[in-house]
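Engineer: Structure below; questions to follow.
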Amino acid sequence: MSDYAGLTPQPTAETQPYWDGLNDHKLRLQRCADCGKFRHYPRPVCDACYAMEATWRQVSGRGRVHSWTVAHHPFHPGFKAELPYVLATVDLEEGVRMIAQLRSVAPEAIAIGLPVEVAFERATDEVTLPVFRKAG
Ligand SMILES: [Zn+2]
């Protein structure tokens with residue numbers, strides 16, 4: 001039994017490869033089989049060329065902070081123990097934006113463009129969540 005008290009996702013057929021990758025400590029993204037553009041969040045249609053087909057590619061997990069917010073109030077009781085925490089929007093090297101908690105950086109030390117990399121935190125027996133940490 002996990003001590004994790006926050007919310008966890010309900011994987012779907014569309015998102016299962018993403019969550020399987022996280023459980024293996026790999027960040028995988030959909031890549032359009034037609035034009036090659038990466039997609040995130042997982043979805044059935046490419047937003048560039050409307051092709052349905054995609055493959056899953058392991059990516060670096062490196063990116064730069066696009067924006068962030070510091071949560072001082074829990075939006076769910078399960079997150080109360082983590083307060084305050086940082087939610088960051090990160091521009092990944094592959095050209096997509098991803099949201100996750102940013103760890104190991106004091107809020108006053110965060111800046112737009114800060115290099116970060118993905119890390120993995122086991123939430124439950126079934127779910128591993130991505131987080132970002134300062135790169136290097
Ligand atoms: Zn495409």
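Following the order of the structure tokens, chains are lettered A, B, ..., residues in each are numbered from 1, and ligands are numbered from 1.
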Run DSSP on the backbone of this structure and report the residues of stretch 25-136 of chain A it assigns to helix (DSSP H, G or I), as a PyMOL selection string.
Structural biologist: chain A and resi 77-82+107-109
Engineer: Around ligand 1, out to 9 Å and counting only C-alpha atoms and all ligand atoms, which residues are there? I want them as a ChimeraX atom specification.
Structural biologist: /A:31-39,45-54
Engineer: When you count only C-alpha atoms, which of these residues is closest to A:Val59: A:Leu92, A:Pro17, A:Val86, A:Pro74?
Structural biologist: A:Leu92
Engineer: From the set A:Gly95, A:Gln30, A:Arg122, A:Pro107, which residue has the shortest atom-to-atom contact distance to A:His72, counting only C-alpha atoms?
Structural biologist: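 Ranked by minimum distance to A:His72, first place goes to A:Pro107.
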Engineer: Identify, on the basis of only C-alpha atoms, every residue whose closest approach to A:Val118 does not exceed 7 Å; exclude the query and any residue fewer than 2 positions from it along the same chain; express the result as a PyMOL selection string.
Structural biologist: chain A and resi 61-62+116+120+130-133
Engineer: Would you mind exporting N, CA, C and O atoms of the selected residues as an mmCIF file, in the first residue's frame?
Structural biologist:
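Dumped everything to selection38.cif:
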data_model
loop_
_atom_site.group_PDB
_atom_site.id
_atom_site.type_symbol
_atom_site.label_atom_id
_atom_site.label_comp_id
_atom_site.auth_asym_id
_atom_site.auth_seq_id
_atom_site.Cartn_x
_atom_site.Cartn_y
_atom_site.Cartn_z
ATOM 1 N N GLY A 61 13.696 13.966 -22.139
ATOM 2 C CA GLY A 61 13.159 14.505 -20.894
ATOM 3 C C GLY A 61 13.771 15.845 -20.515
ATOM 4 O O GLY A 61 13.485 16.373 -19.444
ATOM 5 N N ARG A 62 14.591 16.390 -21.393
ATOM 6 C CA ARG A 62 15.201 17.698 -21.110
ATOM 7 C C ARG A 62 14.362 18.815 -21.725
ATOM 8 O O ARG A 62 13.769 18.647 -22.802
ATOM 9 N N VAL A 116 15.783 22.113 -17.247
ATOM 10 C CA VAL A 116 15.276 21.082 -16.336
ATOM 11 C C VAL A 116 15.309 19.731 -17.055
ATOM 12 O O VAL A 116 15.463 19.669 -18.281
ATOM 13 N N PHE A 120 11.386 10.648 -12.077
ATOM 14 C CA PHE A 120 10.243 9.757 -11.949
ATOM 15 C C PHE A 120 9.984 9.460 -10.479
ATOM 16 O O PHE A 120 10.918 9.157 -9.741
ATOM 17 N N PRO A 130 5.657 11.770 -13.549
ATOM 18 C CA PRO A 130 6.830 12.545 -13.941
ATOM 19 C C PRO A 130 6.941 13.798 -13.077
ATOM 20 O O PRO A 130 5.926 14.401 -12.712
ATOM 21 N N VAL A 131 8.145 14.188 -12.774
ATOM 22 C CA VAL A 131 8.423 15.476 -12.129
ATOM 23 C C VAL A 131 9.625 16.061 -12.867
ATOM 24 O O VAL A 131 10.317 15.356 -13.587
ATOM 25 N N PHE A 132 9.852 17.344 -12.678
ATOM 26 C CA PHE A 132 11.052 17.964 -13.245
ATOM 27 C C PHE A 132 11.988 18.362 -12.128
ATOM 28 O O PHE A 132 11.573 18.667 -11.019
ATOM 29 N N ARG A 133 13.277 18.305 -12.449
ATOM 30 C CA ARG A 133 14.335 18.767 -11.559
ATOM 31 C C ARG A 133 15.253 19.652 -12.375
ATOM 32 O O ARG A 133 15.322 19.521 -13.596
#
Engineer: Write down as a PyMOL selection string the residues belonging to chain A that are assigned strand (DSSP E or B) by DSSP computed on the backbone.
Structural biologist: chain A and resi 28-32+38-39+54-58+62-71+85-92+97-102+115-122+128-134
Engineer: Excluding A:Thr15 and its own-chain neighbours fewer than 3 positions away, which residues fall within 10 Å of it when counting only C-alpha atoms? Please give them as a list in words.
Structural biologist: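 In the requested format, the answer is Pro9, Gln10, Pro11, Thr12, Tyr18, Trp19, Asp20, Leu29, Gln30, Tyr41, Pro42, Arg43 and Pro44 of chain A.
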Engineer: If we count only C-alpha atoms and set the cut-off at 10 Å, which residues sit around A:Thr89, ignoring sequence neighbours fewer than 6 positions away in its own chain? Please answer as a PyMOL selection string.
Structural biologist: chain A and resi 63-69+97-102+112+132
Engineer: Go ahead and write the residues just picked, N, CA and C atoms, as a PDB file, in the first residue's frame.
Structural biologist:
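Just written: out_9.pdb:
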ATOM      1  N   GLY A  63      14.344  19.935 -21.027  1.00  0.00           N
ATOM      2  CA  GLY A  63      13.603  21.070 -21.539  1.00  0.00           C
ATOM      3  C   GLY A  63      13.932  22.316 -20.743  1.00  0.00           C
ATOM      4  N   ARG A  64      13.129  23.353 -20.977  1.00  0.00           N
ATOM      5  CA  ARG A  64      13.330  24.624 -20.281  1.00  0.00           C
ATOM      6  C   ARG A  64      11.984  25.126 -19.759  1.00  0.00           C
ATOM      7  N   VAL A  65      12.040  25.753 -18.597  1.00  0.00           N
ATOM      8  CA  VAL A  65      10.815  26.266 -17.979  1.00  0.00           C
ATOM      9  C   VAL A  65      10.198  27.334 -18.878  1.00  0.00           C
ATOM     10  N   HIS A  66       8.938  27.119 -19.213  1.00  0.00           N
ATOM     11  CA  HIS A  66       8.163  28.111 -19.961  1.00  0.00           C
ATOM     12  C   HIS A  66       7.444  29.041 -18.984  1.00  0.00           C
ATOM     13  N   SER A  67       6.847  28.429 -17.947  1.00  0.00           N
ATOM     14  CA  SER A  67       6.138  29.195 -16.932  1.00  0.00           C
ATOM     15  C   SER A  67       5.972  28.321 -15.706  1.00  0.00           C
ATOM     16  N   TRP A  68       5.517  28.890 -14.613  1.00  0.00           N
ATOM     17  CA  TRP A  68       5.305  28.095 -13.404  1.00  0.00           C
ATOM     18  C   TRP A  68       4.371  28.837 -12.467  1.00  0.00           C
ATOM     19  N   THR A  69       3.844  28.096 -11.513  1.00  0.00           N
ATOM     20  CA  THR A  69       3.052  28.682 -10.450  1.00  0.00           C
ATOM     21  C   THR A  69       3.393  27.954  -9.162  1.00  0.00           C
ATOM     22  N   ARG A  97       4.977  20.941 -25.002  1.00  0.00           N
ATOM     23  CA  ARG A  97       4.929  21.487 -23.660  1.00  0.00           C
ATOM     24  C   ARG A  97       4.344  20.456 -22.725  1.00  0.00           C
ATOM     25  N   MET A  98       4.905  20.349 -21.523  1.00  0.00           N
ATOM     26  CA  MET A  98       4.472  19.343 -20.561  1.00  0.00           C
ATOM     27  C   MET A  98       4.404  19.990 -19.179  1.00  0.00           C
ATOM     28  N   ILE A  99       3.386  19.625 -18.422  1.00  0.00           N
ATOM     29  CA  ILE A  99       3.191  20.177 -17.080  1.00  0.00           C
ATOM     30  C   ILE A  99       3.499  19.097 -16.051  1.00  0.00           C
ATOM     31  N   ALA A 100       4.261  19.454 -15.044  1.00  0.00           N
ATOM     32  CA  ALA A 100       4.530  18.545 -13.927  1.00  0.00           C
ATOM     33  C   ALA A 100       5.066  19.384 -12.772  1.00  0.00           C
ATOM     34  N   GLN A 101       5.136  18.759 -11.620  1.00  0.00           N
ATOM     35  CA  GLN A 101       5.735  19.455 -10.491  1.00  0.00           C
ATOM     36  C   GLN A 101       7.226  19.627 -10.734  1.00  0.00           C
ATOM     37  N   LEU A 102       7.737  20.757 -10.284  1.00  0.00           N
ATOM     38  CA  LEU A 102       9.176  21.039 -10.364  1.00  0.00           C
ATOM     39  C   LEU A 102       9.744  20.904  -8.962  1.00  0.00           C
ATOM     40  N   ILE A 112      12.229  31.793 -16.189  1.00  0.00           N
ATOM     41  CA  ILE A 112      11.890  31.354 -17.541  1.00  0.00           C
ATOM     42  C   ILE A 112      13.180  30.938 -18.237  1.00  0.00           C
ATOM     43  N   PHE A 132       9.852  17.344 -12.678  1.00  0.00           N
ATOM     44  CA  PHE A 132      11.052  17.964 -13.245  1.00  0.00           C
ATOM     45  C   PHE A 132      11.988  18.362 -12.128  1.00  0.00           C
TER      46      PHE A 132
END
Engineer: Nearest residue to A:Gln58 out of A:Gly21, A:Gly136, A:Gly6, A:Pro115, using only C-alpha atoms?
Structural biologist: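 Between A:Gly21, A:Gly136, A:Gly6, A:Pro115, the residue approaching A:Gln58 most closely is A:Gly21.
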